[in-house]
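K.L.:
Below is the structure I would like to discuss, written out as structure tokens.
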Amino acid sequence: FIDDYNMEWDDAWNIVCKTCAYTNHTILAEALEKWPVDMMRDLLPRVYQIIEEINRRFIGFVKQQTENDNELLQRVMIIKDGQVHMARLAIAGSFSVNGVAQLHSDILKEREMKDFDTLYPNKFNNKTNGVTHRRWLAYCNPQLTSLINESIGDSWMHRPDDLEKLAPYVTDSITQSKFYNVKQQRKQILADYIKEHNGIDVDVNSIFDIQVKRLHAYKRQLLNVMHIIYLYQRMKEDSSFRIYPHTYIFGAKAAPSYYLAKKIIKLINSVAEKVNNDPETNKYLKVVFIENYGVTIAEKIIPAADVSEQISTAGKEASGTSNMKFMMNGALTLGTLDGANVEIAELVGDDNVVIFGMKDNEVNDLKASGSYNSWNEYNNNPNIKKVIDSLVDGTWNASREEFKIIFDELMARNDEYFLLKDFESYRLAQEKINNLYQDRANWSKMCLANIAKSGHFSSDRTIEDYVKDIWHLNRVKI
């Protein structure tokens, strides 16, 4: 505007601030971009010059708003310590800032971006993510779609809240039975894929417990693997201990340079190799890692799930969307109160989810106290100790160094994401799942209750929320 249209700064800045809205998708420090001043100055000299002027004027604004609170100013400066803080720039230049689940938005306002909320008291808001139910239910799961249409008609495809019409059928034994048969069909489709691509025979009558998402330490795929190791160790040690047959399925990609994540993938596959080939236990326990996870294979995986693993450390997941896709397809959420899990639990009620682990405020308090010591958890819980020791005693690889980085992440670096702290709660939650699944009618009722409430998580609702509160667009009349 300034260079091409000869506008005055105030006029140009006013247009920018009334045009731009910022959606924040994460509180992870590594994703809140910071660019070196030297690099930006060399590559984008005019852009950097403008950012410098934005920063100068922003400093003046902050001093005016806070009566020269220099400590607050240091926390919000756009250019600081030789870096341009892009999220801060986005907040300063936008008329609206939103998180993507209620908990996430609250964390932005109350913690991560609290100073900015003080400076701009009406700028922050929430827009919970959604997924397109026409793809993630109607298209990818025609068997379930037919059952829903048979029960309530197809108006839900255009008005996803109409899935609530399914509520009276949740307790209907015929509908429950039909749902169970649909789920078995979808499990067979996935089992056939696994046999063809992985060479593993899985029992479609087992519980399909699925965790598919980006591989990251905070998402805690490792907690899932640790529990599998615990189950295997216990079955090997005690011939009287057996679980209802379980198939644990993973799908994940790791960032190219994320070495720990790749080691966790290696561990999953190493555990699978041993567990799947042990005739003493493999009719009770199978592990599958599906390669090259992406949208197309997700369309096979998600409709087949009995259990949706959403087990991130509370306060770390902005929203999650696989949790919504699984819910729509009649899987039970096993999760922490994190991201949109909070809203799923509120909608479906405590009887239709299995929640475990510390809450966000408890995680925050424990971090603030500095009292957490993973060695205490290790020494005070024999189950945890056996699992952790197996990472470095040659159980999963002939080289005791192969998984040393995972051992060190948990022990030497004090278990940043509190896997050991939440382990016992997770173990008990898994035990609850094990017991619940064996009551087929009640399990089907719980799954149907989730489907009936899932319309809220359609992107149709999300987009309407953006339109109403942020974009203020007029609907196109057709």
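Chain lettering (A, B, ...) mirrors the order of the structure tokens, residue numbering begins at 1 for each chain separately, and ligand numbering begins at 1 in order of display.
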Write out as number ranges by chain all residues of range 71-135 of chain A that DSSP puts in helix (DSSP H, G or I) for this structure's backbone.
P.N.:
A: 71-76, 86-92, 102-112, 114-119, 133-135
K.L.:
Please provide the set of residues having any atom within 10 Å of Gly93 in chain A, restricted to only C-alpha atoms, with same-chain residues fewer than 4 positions apart removed, written as a PDB file with N, CA, C and O atoms, in the first residue's frame.
P.N.:
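Result written to result-v8.pdb:
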ATOM      1  N   TRP A  13      -1.871   0.793   7.497  1.00  0.00           N
ATOM      2  CA  TRP A  13      -1.915  -0.089   8.678  1.00  0.00           C
ATOM      3  C   TRP A  13      -3.352  -0.353   9.112  1.00  0.00           C
ATOM      4  O   TRP A  13      -3.710  -1.452   9.528  1.00  0.00           O
ATOM      5  N   ASN A  14      -4.194   0.638   8.995  1.00  0.00           N
ATOM      6  CA  ASN A  14      -5.606   0.489   9.347  1.00  0.00           C
ATOM      7  C   ASN A  14      -6.280  -0.554   8.464  1.00  0.00           C
ATOM      8  O   ASN A  14      -7.057  -1.389   8.948  1.00  0.00           O
ATOM      9  N   ILE A  15      -5.976  -0.551   7.163  1.00  0.00           N
ATOM     10  CA  ILE A  15      -6.544  -1.553   6.248  1.00  0.00           C
ATOM     11  C   ILE A  15      -6.059  -2.957   6.621  1.00  0.00           C
ATOM     12  O   ILE A  15      -6.834  -3.908   6.693  1.00  0.00           O
ATOM     13  N   VAL A  16      -4.748  -3.068   6.876  1.00  0.00           N
ATOM     14  CA  VAL A  16      -4.175  -4.370   7.240  1.00  0.00           C
ATOM     15  C   VAL A  16      -4.851  -4.911   8.499  1.00  0.00           C
ATOM     16  O   VAL A  16      -5.285  -6.076   8.549  1.00  0.00           O
ATOM     17  N   CYS A  17      -4.987  -4.079   9.514  1.00  0.00           N
ATOM     18  CA  CYS A  17      -5.521  -4.538  10.800  1.00  0.00           C
ATOM     19  C   CYS A  17      -7.008  -4.866  10.738  1.00  0.00           C
ATOM     20  O   CYS A  17      -7.515  -5.604  11.579  1.00  0.00           O
ATOM     21  N   LYS A  18      -7.698  -4.293   9.772  1.00  0.00           N
ATOM     22  CA  LYS A  18      -9.119  -4.617   9.615  1.00  0.00           C
ATOM     23  C   LYS A  18      -9.341  -5.777   8.648  1.00  0.00           C
ATOM     24  O   LYS A  18     -10.456  -6.264   8.518  1.00  0.00           O
ATOM     25  N   THR A  19      -8.266  -6.203   7.973  1.00  0.00           N
ATOM     26  CA  THR A  19      -8.367  -7.278   6.979  1.00  0.00           C
ATOM     27  C   THR A  19      -7.876  -8.613   7.520  1.00  0.00           C
ATOM     28  O   THR A  19      -8.462  -9.659   7.257  1.00  0.00           O
ATOM     29  N   CYS A  20      -6.801  -8.586   8.299  1.00  0.00           N
ATOM     30  CA  CYS A  20      -6.122  -9.826   8.702  1.00  0.00           C
ATOM     31  C   CYS A  20      -6.684 -10.377  10.010  1.00  0.00           C
ATOM     32  O   CYS A  20      -6.895  -9.643  10.980  1.00  0.00           O
ATOM     33  N   ALA A  21      -6.915 -11.687  10.018  1.00  0.00           N
ATOM     34  CA  ALA A  21      -7.281 -12.418  11.233  1.00  0.00           C
ATOM     35  C   ALA A  21      -6.296 -13.578  11.384  1.00  0.00           C
ATOM     36  O   ALA A  21      -5.882 -14.175  10.395  1.00  0.00           O
ATOM     37  N   TYR A  22      -5.921 -13.865  12.613  1.00  0.00           N
ATOM     38  CA  TYR A  22      -4.880 -14.867  12.887  1.00  0.00           C
ATOM     39  C   TYR A  22      -5.481 -16.052  13.645  1.00  0.00           C
ATOM     40  O   TYR A  22      -6.033 -15.894  14.727  1.00  0.00           O
ATOM     41  N   ILE A  54       6.851  -1.397  12.124  1.00  0.00           N
ATOM     42  CA  ILE A  54       5.729  -1.956  12.894  1.00  0.00           C
ATOM     43  C   ILE A  54       6.160  -2.131  14.346  1.00  0.00           C
ATOM     44  O   ILE A  54       5.430  -1.770  15.284  1.00  0.00           O
ATOM     45  N   PHE A  58       4.687  -0.370  17.595  1.00  0.00           N
ATOM     46  CA  PHE A  58       4.096  -1.282  18.576  1.00  0.00           C
ATOM     47  C   PHE A  58       4.666  -1.008  19.970  1.00  0.00           C
ATOM     48  O   PHE A  58       3.935  -1.002  20.966  1.00  0.00           O
ATOM     49  N   ALA A  87       4.529 -14.864  15.464  1.00  0.00           N
ATOM     50  CA  ALA A  87       3.211 -14.920  16.100  1.00  0.00           C
ATOM     51  C   ALA A  87       2.860 -13.569  16.713  1.00  0.00           C
ATOM     52  O   ALA A  87       1.711 -13.105  16.629  1.00  0.00           O
ATOM     53  N   ARG A  88       3.827 -12.908  17.307  1.00  0.00           N
ATOM     54  CA  ARG A  88       3.587 -11.590  17.895  1.00  0.00           C
ATOM     55  C   ARG A  88       3.245 -10.578  16.808  1.00  0.00           C
ATOM     56  O   ARG A  88       2.363  -9.735  16.997  1.00  0.00           O
ATOM     57  N   LEU A  89       3.940 -10.668  15.687  1.00  0.00           N
ATOM     58  CA  LEU A  89       3.638  -9.799  14.548  1.00  0.00           C
ATOM     59  C   LEU A  89       2.207 -10.035  14.063  1.00  0.00           C
ATOM     60  O   LEU A  89       1.469  -9.091  13.759  1.00  0.00           O
ATOM     61  N   VAL A  97      -7.871 -12.900  16.887  1.00  0.00           N
ATOM     62  CA  VAL A  97      -6.943 -14.014  17.118  1.00  0.00           C
ATOM     63  C   VAL A  97      -7.745 -15.139  17.757  1.00  0.00           C
ATOM     64  O   VAL A  97      -8.444 -14.918  18.756  1.00  0.00           O
TER      65      VAL A  97
END
K.L.:
Using only C-alpha atoms, tabulate the residues of range 313-367 of chain A lying at most 12 Å from any atom of range 408-421 of chain A, each with its closest atom pair and that distance in Å to one decimal, by chain and increasing residue number, as JSON lines.
P.N.:
{"residue": "A:Thr313", "atom": "CA", "partner": "A:Tyr417", "partner_atom": "CA", "distance": 5.9}
{"residue": "A:Ala314", "atom": "CA", "partner": "A:Tyr417", "partner_atom": "CA", "distance": 9.0}
{"residue": "A:Gly315", "atom": "CA", "partner": "A:Tyr417", "partner_atom": "CA", "distance": 10.3}
{"residue": "A:Lys316", "atom": "CA", "partner": "A:Tyr417", "partner_atom": "CA", "distance": 9.0}
{"residue": "A:Glu317", "atom": "CA", "partner": "A:Tyr417", "partner_atom": "CA", "distance": 11.8}
{"residue": "A:Thr336", "atom": "CA", "partner": "A:Leu419", "partner_atom": "CA", "distance": 11.9}
{"residue": "A:Phe356", "atom": "CA", "partner": "A:Lys421", "partner_atom": "CA", "distance": 11.3}
{"residue": "A:Gly357", "atom": "CA", "partner": "A:Lys421", "partner_atom": "CA", "distance": 8.2}
{"residue": "A:Met358", "atom": "CA", "partner": "A:Lys421", "partner_atom": "CA", "distance": 8.4}
{"residue": "A:Lys359", "atom": "CA", "partner": "A:Phe418", "partner_atom": "CA", "distance": 11.6}
{"residue": "A:Asp360", "atom": "CA", "partner": "A:Tyr417", "partner_atom": "CA", "distance": 11.7}
{"residue": "A:Glu362", "atom": "CA", "partner": "A:Phe418", "partner_atom": "CA", "distance": 11.2}
{"residue": "A:Val363", "atom": "CA", "partner": "A:Phe418", "partner_atom": "CA", "distance": 8.3}
{"residue": "A:Asn364", "atom": "CA", "partner": "A:Tyr417", "partner_atom": "CA", "distance": 11.2}
{"residue": "A:Leu366", "atom": "CA", "partner": "A:Phe418", "partner_atom": "CA", "distance": 9.8}
{"residue": "A:Lys367", "atom": "CA", "partner": "A:Glu416", "partner_atom": "CA", "distance": 9.1}
K.L.:
Pull N, CA, C and O atoms from the residues just selected and write them as a PDB file, in the first residue's frame.
P.N.:
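The result, written out as selection-v6.pdb:
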ATOM      1  N   THR A 313      -0.306 -35.231  26.351  1.00  0.00           N
ATOM      2  CA  THR A 313      -0.194 -34.582  27.657  1.00  0.00           C
ATOM      3  C   THR A 313      -1.162 -33.406  27.705  1.00  0.00           C
ATOM      4  O   THR A 313      -1.173 -32.567  26.801  1.00  0.00           O
ATOM      5  N   ALA A 314      -1.972 -33.339  28.734  1.00  0.00           N
ATOM      6  CA  ALA A 314      -2.996 -32.290  28.819  1.00  0.00           C
ATOM      7  C   ALA A 314      -2.360 -30.902  28.684  1.00  0.00           C
ATOM      8  O   ALA A 314      -1.351 -30.607  29.327  1.00  0.00           O
ATOM      9  N   GLY A 315      -2.968 -30.101  27.817  1.00  0.00           N
ATOM     10  CA  GLY A 315      -2.481 -28.742  27.577  1.00  0.00           C
ATOM     11  C   GLY A 315      -1.588 -28.599  26.377  1.00  0.00           C
ATOM     12  O   GLY A 315      -1.212 -27.483  26.003  1.00  0.00           O
ATOM     13  N   LYS A 316      -1.243 -29.720  25.727  1.00  0.00           N
ATOM     14  CA  LYS A 316      -0.297 -29.663  24.606  1.00  0.00           C
ATOM     15  C   LYS A 316      -0.978 -29.731  23.238  1.00  0.00           C
ATOM     16  O   LYS A 316      -0.476 -29.158  22.273  1.00  0.00           O
ATOM     17  N   GLU A 317      -2.084 -30.457  23.112  1.00  0.00           N
ATOM     18  CA  GLU A 317      -2.757 -30.602  21.818  1.00  0.00           C
ATOM     19  C   GLU A 317      -3.700 -29.424  21.628  1.00  0.00           C
ATOM     20  O   GLU A 317      -4.583 -29.198  22.448  1.00  0.00           O
ATOM     21  N   THR A 336      -6.972 -38.100  27.290  1.00  0.00           N
ATOM     22  CA  THR A 336      -6.790 -37.089  28.319  1.00  0.00           C
ATOM     23  C   THR A 336      -7.755 -35.943  28.038  1.00  0.00           C
ATOM     24  O   THR A 336      -8.285 -35.818  26.930  1.00  0.00           O
ATOM     25  N   PHE A 356      -8.568 -40.297  31.290  1.00  0.00           N
ATOM     26  CA  PHE A 356      -7.540 -40.639  32.282  1.00  0.00           C
ATOM     27  C   PHE A 356      -6.537 -39.491  32.360  1.00  0.00           C
ATOM     28  O   PHE A 356      -6.557 -38.555  31.558  1.00  0.00           O
ATOM     29  N   GLY A 357      -5.646 -39.591  33.311  1.00  0.00           N
ATOM     30  CA  GLY A 357      -4.477 -38.717  33.348  1.00  0.00           C
ATOM     31  C   GLY A 357      -4.706 -37.363  33.998  1.00  0.00           C
ATOM     32  O   GLY A 357      -5.825 -36.973  34.331  1.00  0.00           O
ATOM     33  N   MET A 358      -3.580 -36.660  34.145  1.00  0.00           N
ATOM     34  CA  MET A 358      -3.630 -35.324  34.738  1.00  0.00           C
ATOM     35  C   MET A 358      -4.376 -34.353  33.832  1.00  0.00           C
ATOM     36  O   MET A 358      -4.338 -34.477  32.615  1.00  0.00           O
ATOM     37  N   LYS A 359      -5.025 -33.380  34.457  1.00  0.00           N
ATOM     38  CA  LYS A 359      -5.658 -32.291  33.721  1.00  0.00           C
ATOM     39  C   LYS A 359      -4.623 -31.200  33.467  1.00  0.00           C
ATOM     40  O   LYS A 359      -3.545 -31.189  34.070  1.00  0.00           O
ATOM     41  N   ASP A 360      -4.982 -30.270  32.593  1.00  0.00           N
ATOM     42  CA  ASP A 360      -4.056 -29.208  32.199  1.00  0.00           C
ATOM     43  C   ASP A 360      -3.522 -28.435  33.401  1.00  0.00           C
ATOM     44  O   ASP A 360      -2.317 -28.194  33.511  1.00  0.00           O
ATOM     45  N   GLU A 362      -3.260 -29.411  36.443  1.00  0.00           N
ATOM     46  CA  GLU A 362      -2.393 -30.271  37.258  1.00  0.00           C
ATOM     47  C   GLU A 362      -1.015 -30.404  36.629  1.00  0.00           C
ATOM     48  O   GLU A 362       0.006 -30.389  37.339  1.00  0.00           O
ATOM     49  N   VAL A 363      -0.987 -30.521  35.314  1.00  0.00           N
ATOM     50  CA  VAL A 363       0.303 -30.553  34.600  1.00  0.00           C
ATOM     51  C   VAL A 363       1.058 -29.259  34.845  1.00  0.00           C
ATOM     52  O   VAL A 363       2.258 -29.251  35.149  1.00  0.00           O
ATOM     53  N   ASN A 364       0.339 -28.152  34.731  1.00  0.00           N
ATOM     54  CA  ASN A 364       0.952 -26.834  34.900  1.00  0.00           C
ATOM     55  C   ASN A 364       1.507 -26.654  36.312  1.00  0.00           C
ATOM     56  O   ASN A 364       2.629 -26.174  36.494  1.00  0.00           O
ATOM     57  N   LEU A 366       2.371 -29.026  38.411  1.00  0.00           N
ATOM     58  CA  LEU A 366       3.500 -29.931  38.631  1.00  0.00           C
ATOM     59  C   LEU A 366       4.772 -29.375  38.002  1.00  0.00           C
ATOM     60  O   LEU A 366       5.853 -29.430  38.602  1.00  0.00           O
ATOM     61  N   LYS A 367       4.634 -28.805  36.803  1.00  0.00           N
ATOM     62  CA  LYS A 367       5.800 -28.176  36.162  1.00  0.00           C
ATOM     63  C   LYS A 367       6.308 -27.007  37.006  1.00  0.00           C
ATOM     64  O   LYS A 367       7.512 -26.849  37.222  1.00  0.00           O
TER      65      LYS A 367
END
K.L.:
Hey, what's within 6 Å of Phe289 in chain A if we count only C-alpha atoms and toss same-chain stuff fewer than 2 positions away? As a tab-separated table (two decimals) with N, CA, C and O atoms, in the first residue's frame, please?
P.N.:
chain	number	residue	atom	x	y	z
A	249	ILE	N	-3.09	-50.72	16.70
A	249	ILE	CA	-2.73	-50.27	15.36
A	249	ILE	C	-2.21	-48.83	15.43
A	249	ILE	O	-2.86	-47.96	16.02
A	250	PHE	N	-1.05	-48.61	14.82
A	250	PHE	CA	-0.44	-47.28	14.76
A	250	PHE	C	-0.29	-46.84	13.31
A	250	PHE	O	-0.05	-47.67	12.42
A	251	GLY	N	-0.41	-45.56	13.10
A	251	GLY	CA	-0.02	-44.96	11.83
A	251	GLY	C	0.54	-43.59	12.15
A	251	GLY	O	-0.06	-42.83	12.93
K.L.:
If you measure from CA of Ala191 in chain A to CA of Ser206 in chain A, what distance in Å do you get, rounded to one decimal?
P.N.:
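Between CA of Ala191 in chain A and CA of Ser206 in chain A the gap is 10.9 Å.
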K.L.:
Could you pull the residues within 9 Å of Ser322 in chain A, counting only C-alpha atoms, minus those fewer than 6 positions along the same chain, as a list in words?
P.N.:
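Using only C-alpha atoms, the neighbours found are Val131, Val212, Lys213, Ile302, Ser308 and Gln310 of chain A.
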K.L.:
Could you please determine the separation between CA of Pro279 in chain A and CA of Asp203 in chain A in Å, to one decimal place?
P.N.:
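Computing it gives 14.3 Å between the two atoms.
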K.L.:
I'd like the contact shell of Gln64 in chain A - 12 Å cut-off, only C-alpha atoms, skipping same-chain residues fewer than 6 positions apart - returned as a PDB file with all heavy atoms, in the first residue's frame.
P.N.:
ATOM      1  N   ARG A  57       6.490   1.245  16.272  1.00  0.00           N
ATOM      2  CA  ARG A  57       5.191   1.808  16.636  1.00  0.00           C
ATOM      3  C   ARG A  57       4.489   0.942  17.689  1.00  0.00           C
ATOM      4  O   ARG A  57       3.785   1.469  18.562  1.00  0.00           O
ATOM      5  CB  ARG A  57       4.314   1.946  15.382  1.00  0.00           C
ATOM      6  CG  ARG A  57       4.793   3.041  14.432  1.00  0.00           C
ATOM      7  CD  ARG A  57       4.062   3.000  13.110  1.00  0.00           C
ATOM      8  NE  ARG A  57       4.556   4.009  12.194  1.00  0.00           N
ATOM      9  CZ  ARG A  57       3.893   5.132  11.852  1.00  0.00           C
ATOM     10  NH1 ARG A  57       2.692   5.364  12.344  1.00  0.00           N
ATOM     11  NH2 ARG A  57       4.421   6.010  11.015  1.00  0.00           N
ATOM     12  N   PHE A  58       4.687  -0.370  17.595  1.00  0.00           N
ATOM     13  CA  PHE A  58       4.096  -1.282  18.576  1.00  0.00           C
ATOM     14  C   PHE A  58       4.666  -1.008  19.970  1.00  0.00           C
ATOM     15  O   PHE A  58       3.935  -1.002  20.966  1.00  0.00           O
ATOM     16  CB  PHE A  58       4.356  -2.730  18.159  1.00  0.00           C
ATOM     17  CG  PHE A  58       3.836  -3.762  19.117  1.00  0.00           C
ATOM     18  CD1 PHE A  58       2.472  -3.966  19.284  1.00  0.00           C
ATOM     19  CD2 PHE A  58       4.712  -4.550  19.863  1.00  0.00           C
ATOM     20  CE1 PHE A  58       1.986  -4.926  20.170  1.00  0.00           C
ATOM     21  CE2 PHE A  58       4.244  -5.511  20.746  1.00  0.00           C
ATOM     22  CZ  PHE A  58       2.877  -5.701  20.897  1.00  0.00           C
ATOM     23  N   ASN A  70       7.915  -1.953  31.552  1.00  0.00           N
ATOM     24  CA  ASN A  70       9.030  -2.439  30.740  1.00  0.00           C
ATOM     25  C   ASN A  70       9.123  -3.963  30.751  1.00  0.00           C
ATOM     26  O   ASN A  70       9.521  -4.581  29.760  1.00  0.00           O
ATOM     27  CB  ASN A  70      10.358  -1.842  31.218  1.00  0.00           C
ATOM     28  CG  ASN A  70      11.474  -2.091  30.216  1.00  0.00           C
ATOM     29  OD1 ASN A  70      11.369  -1.716  29.037  1.00  0.00           O
ATOM     30  ND2 ASN A  70      12.530  -2.766  30.651  1.00  0.00           N
ATOM     31  N   LEU A  73       6.672  -5.187  28.251  1.00  0.00           N
ATOM     32  CA  LEU A  73       7.193  -4.850  26.917  1.00  0.00           C
ATOM     33  C   LEU A  73       8.224  -5.877  26.454  1.00  0.00           C
ATOM     34  O   LEU A  73       8.196  -6.327  25.298  1.00  0.00           O
ATOM     35  CB  LEU A  73       7.816  -3.451  26.929  1.00  0.00           C
ATOM     36  CG  LEU A  73       8.503  -3.005  25.642  1.00  0.00           C
ATOM     37  CD1 LEU A  73       7.506  -2.944  24.486  1.00  0.00           C
ATOM     38  CD2 LEU A  73       9.191  -1.661  25.824  1.00  0.00           C
ATOM     39  N   LEU A 119      -3.299  -6.395  26.384  1.00  0.00           N
ATOM     40  CA  LEU A 119      -3.163  -5.260  25.467  1.00  0.00           C
ATOM     41  C   LEU A 119      -4.375  -5.113  24.552  1.00  0.00           C
ATOM     42  O   LEU A 119      -4.776  -3.998  24.207  1.00  0.00           O
ATOM     43  CB  LEU A 119      -1.905  -5.437  24.607  1.00  0.00           C
ATOM     44  CG  LEU A 119      -0.558  -5.354  25.330  1.00  0.00           C
ATOM     45  CD1 LEU A 119       0.572  -5.831  24.411  1.00  0.00           C
ATOM     46  CD2 LEU A 119      -0.295  -3.926  25.802  1.00  0.00           C
TER      47      LEU A 119
END
K.L.:
Find the residues of range 392-463 of chain A that sit at most 12 Å from range 330-335 of chain A; for each, write down the nearest two atoms and how far apart they are in Å, to one decimal. Count only C-alpha atoms. Sort by chain, then by number going up, and give it as CSV.
P.N.:
residue,atom,partner,partner_atom,distance
A:Asp422,CA,A:Gly335,CA,11.3
A:Ser425,CA,A:Gly335,CA,10.8
A:Tyr426,CA,A:Gly335,CA,8.7
A:Arg427,CA,A:Leu334,CA,11.2
A:Leu428,CA,A:Leu334,CA,11.2
A:Ala429,CA,A:Leu334,CA,7.5
A:Gln430,CA,A:Leu334,CA,8.1
A:Glu431,CA,A:Leu334,CA,11.2
A:Lys432,CA,A:Leu334,CA,10.0
A:Ile433,CA,A:Leu334,CA,8.2
A:Asn434,CA,A:Leu334,CA,11.6
A:Leu436,CA,A:Leu332,CA,10.5
A:Tyr437,CA,A:Leu332,CA,10.0
A:Asn442,CA,A:Leu332,CA,11.8
A:Trp443,CA,A:Leu332,CA,8.6
A:Ser444,CA,A:Gly330,CA,8.3
A:Lys445,CA,A:Gly330,CA,9.7
A:Met446,CA,A:Leu332,CA,7.3
A:Cys447,CA,A:Gly330,CA,4.5
A:Leu448,CA,A:Gly330,CA,6.1
A:Ala449,CA,A:Gly330,CA,8.2
A:Asn450,CA,A:Gly330,CA,6.2
A:Ile451,CA,A:Gly330,CA,5.6
A:Ala452,CA,A:Gly330,CA,9.2
A:Lys453,CA,A:Gly330,CA,10.5
A:Ser454,CA,A:Gly330,CA,9.3
